[in-house]
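Source file model-v1.txt; content: compact mmCIF, C-alpha atoms (C1' of nucleotides).
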# COMPACT_ATOMS: atom_id res chain seq x y z
CA MET A 669 0.00 0.00 0.00
CA LEU A 670 1.80 3.09 -1.27
CA TYR A 671 1.01 6.30 0.53
CA ASN A 672 0.83 9.62 -1.25
CA ASN A 673 4.22 10.91 -0.19
CA ASP A 674 4.32 13.34 -3.04
CA MET A 675 5.31 16.93 -2.58
CA ASP A 676 3.82 19.81 -4.51
CA MET A 677 6.45 21.08 -6.95
CA PHE A 678 5.29 24.66 -6.52
CA VAL A 679 5.78 24.42 -2.77
CA ALA A 680 9.18 22.83 -3.33
CA LEU A 681 10.22 25.73 -5.56
CA ALA A 682 9.10 28.35 -3.04
CA ASP A 683 12.21 28.03 -0.88
CA PRO A 684 15.31 29.95 -2.07
CA THR A 685 17.78 27.37 -0.73
CA ARG A 686 15.98 24.63 -2.65
CA ARG A 687 16.11 26.72 -5.82
CA ASN A 688 19.82 27.27 -5.20
CA ILE A 689 20.29 23.51 -4.93
CA LEU A 690 18.48 23.03 -8.23
CA GLU A 691 20.63 25.69 -9.88
CA LEU A 692 23.76 24.06 -8.49
CA LEU A 693 22.73 20.68 -9.90
CA ALA A 694 21.80 22.35 -13.17
CA SER A 695 25.28 23.75 -13.62
CA ARG A 696 27.29 20.92 -12.07
CA GLY A 697 25.30 17.98 -13.40
CA GLU A 698 25.43 15.33 -10.67
CA LEU A 699 26.73 15.64 -7.13
CA PRO A 700 26.98 13.59 -3.94
CA ALA A 701 25.18 15.09 -0.93
CA THR A 702 28.48 16.16 0.67
CA ALA A 703 29.40 18.29 -2.33
CA ILE A 704 26.01 19.98 -2.03
CA TYR A 705 26.46 20.60 1.70
CA GLU A 706 29.79 22.29 0.97
CA GLN A 707 28.13 24.82 -1.29
CA PHE A 708 25.91 26.02 1.55
CA PRO A 709 28.22 26.84 4.46
CA VAL A 710 25.46 28.87 6.15
CA VAL A 711 23.00 25.98 6.19
CA SER A 712 23.70 22.85 8.22
CA PRO A 713 24.04 19.51 6.37
CA GLN A 714 20.89 18.30 8.14
CA ALA A 715 18.91 21.26 6.85
CA VAL A 716 20.20 20.67 3.31
CA SER A 717 19.34 16.99 3.65
CA GLN A 718 15.78 17.93 4.53
CA HIS A 719 15.61 20.21 1.51
CA LEU A 720 16.88 17.35 -0.67
CA LYS A 721 14.09 15.16 0.69
CA VAL A 722 11.49 17.74 -0.33
CA LEU A 723 13.04 18.02 -3.81
CA ARG A 724 13.03 14.23 -4.10
CA GLU A 725 9.38 13.94 -3.07
CA ALA A 726 8.50 16.64 -5.59
CA HIS A 727 10.41 14.59 -8.22
CA LEU A 728 12.49 17.63 -9.07
CA VAL A 729 15.66 15.65 -8.37
CA GLU A 730 16.62 12.02 -8.64
CA MET A 731 18.87 10.15 -6.23
CA GLU A 732 21.14 7.21 -6.83
CA LYS A 733 22.88 5.23 -4.11
CA ARG A 734 26.55 4.44 -4.67
CA ALA A 735 28.18 2.83 -1.60
CA GLN A 736 27.63 5.27 1.30
CA LYS A 737 27.22 8.12 -1.13
CA ARG A 738 23.98 9.54 -2.50
CA LEU A 739 24.29 11.04 -5.95
CA TYR A 740 21.79 13.74 -6.77
CA ARG A 741 20.82 15.07 -10.19
CA LEU A 742 18.15 17.32 -11.64
CA ASN A 743 15.02 15.88 -13.23
CA PRO A 744 14.34 18.32 -16.10
CA GLN A 745 11.07 16.56 -16.96
CA LYS A 746 9.50 17.91 -13.79
CA LEU A 747 10.72 21.40 -14.59
CA SER A 748 8.98 21.05 -17.94
CA GLU A 749 5.68 20.54 -16.13
CA PHE A 750 6.15 23.88 -14.48
CA GLU A 751 7.07 25.47 -17.78
CA THR A 752 3.91 24.06 -19.34
CA TRP A 753 1.73 25.49 -16.59
CA VAL A 754 3.27 28.93 -17.02
CA GLN A 755 3.00 28.85 -20.80
CA GLN A 756 -0.63 27.72 -20.81
CA THR A 757 -1.68 30.30 -18.23
CA LYS A 758 0.13 33.09 -20.06
CA GLN A 759 -1.24 32.00 -23.41
CA ARG A 760 -4.85 31.91 -22.27
CA TRP A 761 -4.47 35.42 -20.89
CA GLU A 762 -2.95 36.70 -24.09
CA GLU A 763 -5.83 35.28 -26.14
CA ARG A 764 -8.29 37.01 -23.80
CA PHE A 765 -6.28 40.20 -23.91
CA ASN A 766 -6.29 40.29 -27.69
CA ALA A 767 -10.04 39.66 -27.73
CA LEU A 768 -10.56 42.46 -25.20
CA ASP A 769 -8.27 44.71 -27.17
CA GLN A 770 -10.49 44.34 -30.21
CA VAL A 771 -13.56 45.26 -28.16
CA LEU A 772 -11.80 48.36 -26.83
CA GLU A 773 -10.74 49.23 -30.35
CA ARG A 774 -14.37 49.15 -31.49
CA GLU A 775 -15.47 51.16 -28.43
CA LYS A 776 -12.87 53.76 -29.24
CA GLN A 777 -14.09 54.10 -32.83
CA LYS A 778 -17.67 54.52 -31.60
CA GLY A 779 -16.35 57.15 -29.19
CA ASP A 780 -14.60 59.01 -32.00
CA GLN A 781 -17.84 59.15 -33.97
CA THR A 782 -19.86 60.64 -31.08
CA SER A 783 -16.98 62.86 -29.92
CA ASP A 784 -17.43 61.47 -26.38
CA VAL A 785 -13.89 62.12 -25.25
CA SER A 786 -14.35 63.99 -21.92
CA LYS A 787 -14.77 60.90 -19.73
CA MET B 963 10.66 56.32 0.70
CA LEU B 964 9.35 53.09 -0.78
CA TYR B 965 9.51 50.07 1.46
CA ASN B 966 10.26 46.65 0.14
CA ASN B 967 6.70 45.39 0.17
CA ASP B 968 7.49 42.97 -2.58
CA MET B 969 6.47 39.37 -2.42
CA ASP B 970 8.49 36.52 -3.81
CA MET B 971 6.74 35.26 -6.94
CA PHE B 972 7.70 31.67 -6.20
CA VAL B 973 6.14 31.90 -2.75
CA ALA B 974 3.03 33.49 -4.28
CA LEU B 975 2.67 30.54 -6.65
CA ALA B 976 3.03 27.95 -3.90
CA ASP B 977 -0.58 28.26 -2.77
CA PRO B 978 -3.16 26.29 -4.81
CA THR B 979 -5.94 28.86 -4.29
CA ARG B 980 -3.68 31.60 -5.62
CA ARG B 981 -2.86 29.49 -8.67
CA ASN B 982 -6.58 28.92 -9.19
CA ILE B 983 -7.15 32.68 -9.08
CA LEU B 984 -4.43 33.18 -11.69
CA GLU B 985 -5.97 30.49 -13.89
CA LEU B 986 -9.38 32.10 -13.51
CA LEU B 987 -8.01 35.49 -14.55
CA ALA B 988 -6.12 33.85 -17.40
CA SER B 989 -9.29 32.41 -18.87
CA ARG B 990 -11.71 35.19 -18.00
CA GLY B 991 -9.44 38.18 -18.66
CA GLU B 992 -10.41 40.82 -16.09
CA LEU B 993 -12.70 40.47 -13.10
CA PRO B 994 -13.91 42.52 -10.13
CA ALA B 995 -13.06 41.03 -6.73
CA THR B 996 -16.68 39.92 -6.17
CA ALA B 997 -16.66 37.80 -9.30
CA ILE B 998 -13.48 36.13 -8.01
CA TYR B 999 -15.01 35.50 -4.57
CA GLU B 1000 -17.96 33.78 -6.24
CA GLN B 1001 -15.70 31.26 -7.91
CA PHE B 1002 -14.39 30.08 -4.53
CA PRO B 1003 -17.44 29.22 -2.43
CA VAL B 1004 -15.29 27.24 0.00
CA VAL B 1005 -12.97 30.14 0.78
CA SER B 1006 -14.28 33.28 2.48
CA PRO B 1007 -14.11 36.60 0.57
CA GLN B 1008 -11.66 37.87 3.22
CA ALA B 1009 -9.34 34.95 2.58
CA VAL B 1010 -9.53 35.51 -1.18
CA SER B 1011 -8.84 39.20 -0.62
CA GLN B 1012 -5.68 38.30 1.28
CA HIS B 1013 -4.58 36.04 -1.55
CA LEU B 1014 -5.18 38.87 -4.02
CA LYS B 1015 -2.95 41.08 -1.90
CA VAL B 1016 -0.14 38.54 -2.10
CA LEU B 1017 -0.57 38.25 -5.88
CA ARG B 1018 -0.53 42.04 -6.16
CA GLU B 1019 2.66 42.36 -4.10
CA ALA B 1020 4.25 39.69 -6.26
CA HIS B 1021 3.21 41.72 -9.31
CA LEU B 1022 1.48 38.66 -10.73
CA VAL B 1023 -1.77 40.61 -11.02
CA GLU B 1024 -2.64 44.24 -11.59
CA MET B 1025 -5.52 46.06 -9.95
CA GLU B 1026 -7.55 48.99 -11.21
CA LYS B 1027 -10.05 50.95 -9.15
CA ARG B 1028 -13.39 51.64 -10.77
CA ALA B 1029 -15.88 53.20 -8.32
CA GLN B 1030 -16.16 50.77 -5.38
CA LYS B 1031 -15.03 47.95 -7.57
CA ARG B 1032 -11.52 46.59 -7.92
CA LEU B 1033 -10.77 45.09 -11.28
CA TYR B 1034 -8.10 42.42 -11.33
CA ARG B 1035 -6.16 41.12 -14.29
CA LEU B 1036 -3.14 38.91 -14.86
CA ASN B 1037 0.31 40.38 -15.49
CA PRO B 1038 1.82 37.95 -18.02
CA GLN B 1039 5.17 39.75 -17.90
CA LYS B 1040 5.76 38.43 -14.40
CA LEU B 1041 4.86 34.92 -15.50
CA SER B 1042 7.55 35.27 -18.16
CA GLU B 1043 10.13 35.71 -15.43
CA PHE B 1044 9.36 32.21 -14.14
CA GLU B 1045 9.40 30.82 -17.57
CA THR B 1046 12.87 32.28 -18.04
CA TRP B 1047 14.11 30.82 -14.76
CA VAL B 1048 12.81 27.37 -15.65
CA GLN B 1049 14.17 27.47 -19.19
CA GLN B 1050 17.62 28.58 -18.07
CA THR B 1051 17.83 26.00 -15.31
CA LYS B 1052 16.65 23.24 -17.60
CA GLN B 1053 18.99 24.31 -20.39
CA ARG B 1054 22.07 24.38 -18.19
CA TRP B 1055 21.25 20.87 -17.01
CA GLU B 1056 20.79 19.59 -20.52
CA GLU B 1057 24.16 20.98 -21.59
CA ARG B 1058 25.76 19.24 -18.60
CA PHE B 1059 23.87 16.07 -19.33
CA ASN B 1060 25.03 15.97 -22.92
CA ALA B 1061 28.61 16.56 -21.80
CA LEU B 1062 28.31 13.76 -19.24
CA ASP B 1063 26.71 11.52 -21.82
CA GLN B 1064 29.76 11.86 -24.05
CA VAL B 1065 32.04 10.95 -21.14
CA LEU B 1066 29.94 7.85 -20.42
CA GLU B 1067 30.00 6.98 -24.10
CA ARG B 1068 33.79 7.00 -24.04
CA GLU B 1069 33.84 5.01 -20.79
CA LYS B 1070 31.57 2.44 -22.36
CA GLN B 1071 33.84 2.03 -25.38
CA LYS B 1072 36.83 1.56 -23.11
CA GLY B 1073 34.75 -1.02 -21.21
CA ASP B 1074 33.95 -2.89 -24.42
CA GLN B 1075 37.61 -3.09 -25.31
CA THR B 1076 38.60 -4.62 -21.97
CA SER B 1077 35.44 -6.81 -21.82
CA ASP B 1078 34.78 -5.50 -18.29
CA VAL B 1079 31.04 -6.07 -18.37
CA SER B 1080 30.37 -7.97 -15.12
CA LYS B 1081 30.03 -4.91 -12.85
C1' DA C 985 -27.73 62.26 5.59
C1' DT C 986 -28.15 57.38 5.88
C1' DT C 987 -27.95 52.88 3.91
C1' DT C 988 -26.11 49.64 0.81
C1' DT C 989 -22.46 47.60 -1.93
C1' DA C 990 -17.69 46.27 -2.61
C1' DT C 991 -13.64 45.48 -0.60
C1' DT C 992 -9.99 45.54 2.58
C1' DA C 993 -7.60 45.70 7.31
C1' DA C 994 -6.66 44.06 12.05
C1' DA C 995 -6.29 40.68 15.51
C1' DG C 996 -6.27 36.14 17.01
C1' DA C 997 -6.27 30.86 16.44
C1' DC C 998 -4.34 27.20 14.17
C1' DT C 999 -1.25 24.96 10.84
C1' DT C 1000 2.76 24.40 8.27
C1' DG C 1001 7.62 25.11 7.37
C1' DA C 1002 12.66 25.62 8.37
C1' DC C 1003 16.26 25.07 11.34
C1' DT C 1004 18.71 23.09 15.45
C1' DT C 1005 20.70 19.39 18.38
C1' DA C 1006 21.04 14.69 19.23
C1' DA C 1007 20.64 10.10 17.71
C1' DT C 1008 20.57 6.51 14.09
C1' DT C 1009 21.64 3.86 9.87
C1' DA C 1010 24.58 1.74 6.75
C1' DA C 1011 28.65 0.94 3.93
C1' DG C 1012 33.77 0.92 3.80
C1' DA C 1013 38.27 0.99 5.81
C1' DT C 1014 41.34 -0.63 9.45
C1' DA D 1152 34.86 -6.39 15.41
C1' DT D 1153 35.26 -1.40 15.60
C1' DC D 1154 36.03 2.96 13.66
C1' DT D 1155 35.23 6.24 10.20
C1' DT D 1156 32.66 8.36 6.52
C1' DA D 1157 28.30 9.79 4.36
C1' DA D 1158 23.95 10.84 5.03
C1' DT D 1159 19.51 10.74 7.10
C1' DT D 1160 15.87 10.68 10.84
C1' DA D 1161 13.66 12.29 15.12
C1' DA D 1162 12.16 15.65 18.27
C1' DG D 1163 11.69 20.13 19.55
C1' DT D 1164 11.62 25.30 18.80
C1' DC D 1165 10.42 29.42 16.52
C1' DA D 1166 8.82 31.95 12.52
C1' DA D 1167 5.68 32.34 8.66
C1' DG D 1168 1.49 31.43 6.37
C1' DT D 1169 -3.64 30.73 6.16
C1' DC D 1170 -8.07 31.26 7.76
C1' DT D 1171 -11.65 33.17 10.85
C1' DT D 1172 -14.27 36.86 13.10
C1' DT D 1173 -14.82 41.43 13.75
C1' DA D 1174 -14.24 46.06 12.34
C1' DA D 1175 -13.17 49.83 9.04
C1' DT D 1176 -13.16 52.48 4.58
C1' DA D 1177 -15.07 54.49 0.70
C1' DA D 1178 -18.03 55.18 -3.23
C1' DA D 1179 -22.97 54.81 -4.89
C1' DA D 1180 -27.75 54.66 -4.32
C1' DT D 1181 -31.70 56.11 -1.75

Just dump the structure as structure tokens.
Amino acid sequence: MLYNNDMDMFVALADPTRRNILELLASRGELPATAIYEQFPVVSPQAVSQHLKVLREAHLVEMEKRAQKRLYRLNPQKLSEFETWVQQTKQRWEERFNALDQVLEREKQKGDQTSDVSK
Amino acid sequence: MLYNNDMDMFVALADPTRRNILELLASRGELPATAIYEQFPVVSPQAVSQHLKVLREAHLVEMEKRAQKRLYRLNPQKLSEFETWVQQTKQRWEERFNALDQVLEREKQKGDQTSDVSK
DNA sequence: ATTTTATTAAAGACTTGACTTAATTAAGAT
DNA sequence: ATCTTAATTAAGTCAAGTCTTTAATAAAAT
């Protein structure tokens, strides 16, 4: 019986340290947890480990065990989901905006004809 | 003297109700606050109002006063900022991945030559 | 002027999130 | 076997976020 352990990707992205981890993995490719800890001297290894857990549960990163080490890497597929959401939302607005724009254009022309410019 | 009242856009997107509001505005174009309240019968108008404040401070929506009404609409420019972040992060990873892939390809060929297939 | 409509603000309760310290797991080296 | 290395888990604290109830504001209608 598998429980829903999944983490919302939007929530996972809300934390700046977690985004920094993702950016680190994006530019360095694949790193063991220790290498990630080293990049965040301000944050304790335990705190980073907890962030990695959230990123794992959100499927934004993948983890591979090699001996005692845990190798982490980005999962760009999950980022694509985010990209899709943004693109669709933006696109729908732009369609609406263009439609509205045409209405306003017609209104304006009517206005020009009646010289109703004061308000 | 302008205070930093700004809200992190990633944090603003983390809440599902706020994303629903954005999606509503994306498909309906421009709505007065009341029309938004009506779409969320489960959430109180006050709660929705607080979400709208967060979206405003994150510059994800724009607000225009018309008499007692407040008209809300999406700001697609701000959405583009996310899109950019995602695309850049993804792209850097894919470059890294391709580079790594080539290394593995070479490793594999070496492996084939020495017949070291067992592990 | 007062009432209604539309919306927000303020204050408090409750929940969730991030970090800390201490303990635990598990593989590898000695 | 035990020590070391790599990393996580558990438990507790404190801050931040969300929702509720109760005002407050401000324009429009009466």

Return as JSON lines the residues of chain A lying at most 6 Å from chain B, together with the closest atom-to-atom pair for each and the distance in Å to one decimal, counting all atoms listed in the file, with rows in chain order and ascending residue number.
{"residue": "A:Phe678", "atom": "CA", "partner": "B:Ala976", "partner_atom": "CA", "distance": 4.8}
{"residue": "A:Val679", "atom": "CA", "partner": "B:Ala976", "partner_atom": "CA", "distance": 4.6}
{"residue": "A:Ala682", "atom": "CA", "partner": "B:Val973", "partner_atom": "CA", "distance": 4.6}
{"residue": "A:Ala694", "atom": "CA", "partner": "B:Trp1055", "partner_atom": "CA", "distance": 4.2}
{"residue": "A:Ser695", "atom": "CA", "partner": "B:Arg1054", "partner_atom": "CA", "distance": 5.6}
{"residue": "A:Gly697", "atom": "CA", "partner": "B:Arg1058", "partner_atom": "CA", "distance": 5.4}
{"residue": "A:Pro744", "atom": "CA", "partner": "B:Lys1052", "partner_atom": "CA", "distance": 5.6}
{"residue": "A:Glu751", "atom": "CA", "partner": "B:Glu1045", "partner_atom": "CA", "distance": 5.8}
{"residue": "A:Thr757", "atom": "CA", "partner": "B:Ala988", "partner_atom": "CA", "distance": 5.7}
{"residue": "A:Lys758", "atom": "CA", "partner": "B:Pro1038", "partner_atom": "CA", "distance": 5.5}
{"residue": "A:Arg760", "atom": "CA", "partner": "B:Ala988", "partner_atom": "CA", "distance": 5.4}
{"residue": "A:Trp761", "atom": "CA", "partner": "B:Ala988", "partner_atom": "CA", "distance": 4.2}
{"residue": "A:Arg764", "atom": "CA", "partner": "B:Gly991", "partner_atom": "CA", "distance": 5.4}

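Close to (-2.6, 30.7, 4.6), meaning no more than 9 Å away when counting only C-alpha atoms (C1' of nucleotides), sit the residues Asp977, Ala1009, Gln1012 and His1013 of chain B; DT999 of chain C; DG1168, DT1169 and DC1170 of chain D.
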
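Residue-level contact on chain A: within 8 Å of chain D, counting only C-alpha atoms (C1' of nucleotides), the set is Ala701, Thr702, Gln714, Ser717, Gln736, Lys737 and Arg738 of chain A.
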
Could you write out that same residue set with C-alpha atoms as a PDB file, keeping the file's coordinate frame?
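So the final result, stored in result_0.pdb, reads:
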ATOM      1  CA  ALA A 701      25.180  15.090  -0.930  1.00  0.00           C
ATOM      2  CA  THR A 702      28.480  16.160   0.670  1.00  0.00           C
ATOM      3  CA  GLN A 714      20.890  18.300   8.140  1.00  0.00           C
ATOM      4  CA  SER A 717      19.340  16.990   3.650  1.00  0.00           C
ATOM      5  CA  GLN A 736      27.630   5.270   1.300  1.00  0.00           C
ATOM      6  CA  LYS A 737      27.220   8.120  -1.130  1.00  0.00           C
ATOM      7  CA  ARG A 738      23.980   9.540  -2.500  1.00  0.00           C
TER       8      ARG A 738
END

With 12 Å as the cut-off and all atoms listed in the file counted, what is the closest atom pair between each nearby residue of chain C and chain B? Distances in Å to one decimal, ordered by chain and number, as CSV.
residue,atom,partner,partner_atom,distance
C:DT988,C1',B:Gln1030,CA,11.8
C:DT989,C1',B:Gln1030,CA,7.9
C:DA990,C1',B:Gln1030,CA,5.5
C:DT991,C1',B:Lys1031,CA,7.5
C:DT992,C1',B:Ser1011,CA,7.2
C:DA993,C1',B:Gln1008,CA,9.7
C:DA994,C1',B:Gln1008,CA,11.9

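Here CA of Tyr705 in chain A is placed at a distance of 14.7 Å from C1' of DC1003 in chain C.
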
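Relative to C1' of DT1004 in chain C, CA of Lys733 in chain A is found at 26.8 Å.
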
Once 8 Å is added on each side, what centre and edge lengths in Å to one decimal does the axis-aligned box around all listed atoms of range 990-1005 of chain C have, as lines of an AutoDock Vina configuration file?
center_x = 1.5
center_y = 32.8
center_z = 7.9
size_x = 54.4
size_y = 42.9
size_z = 37.0

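Here CA of Leu1014 in chain B stands at a distance of 27.7 Å from CA of Leu723 in chain A.
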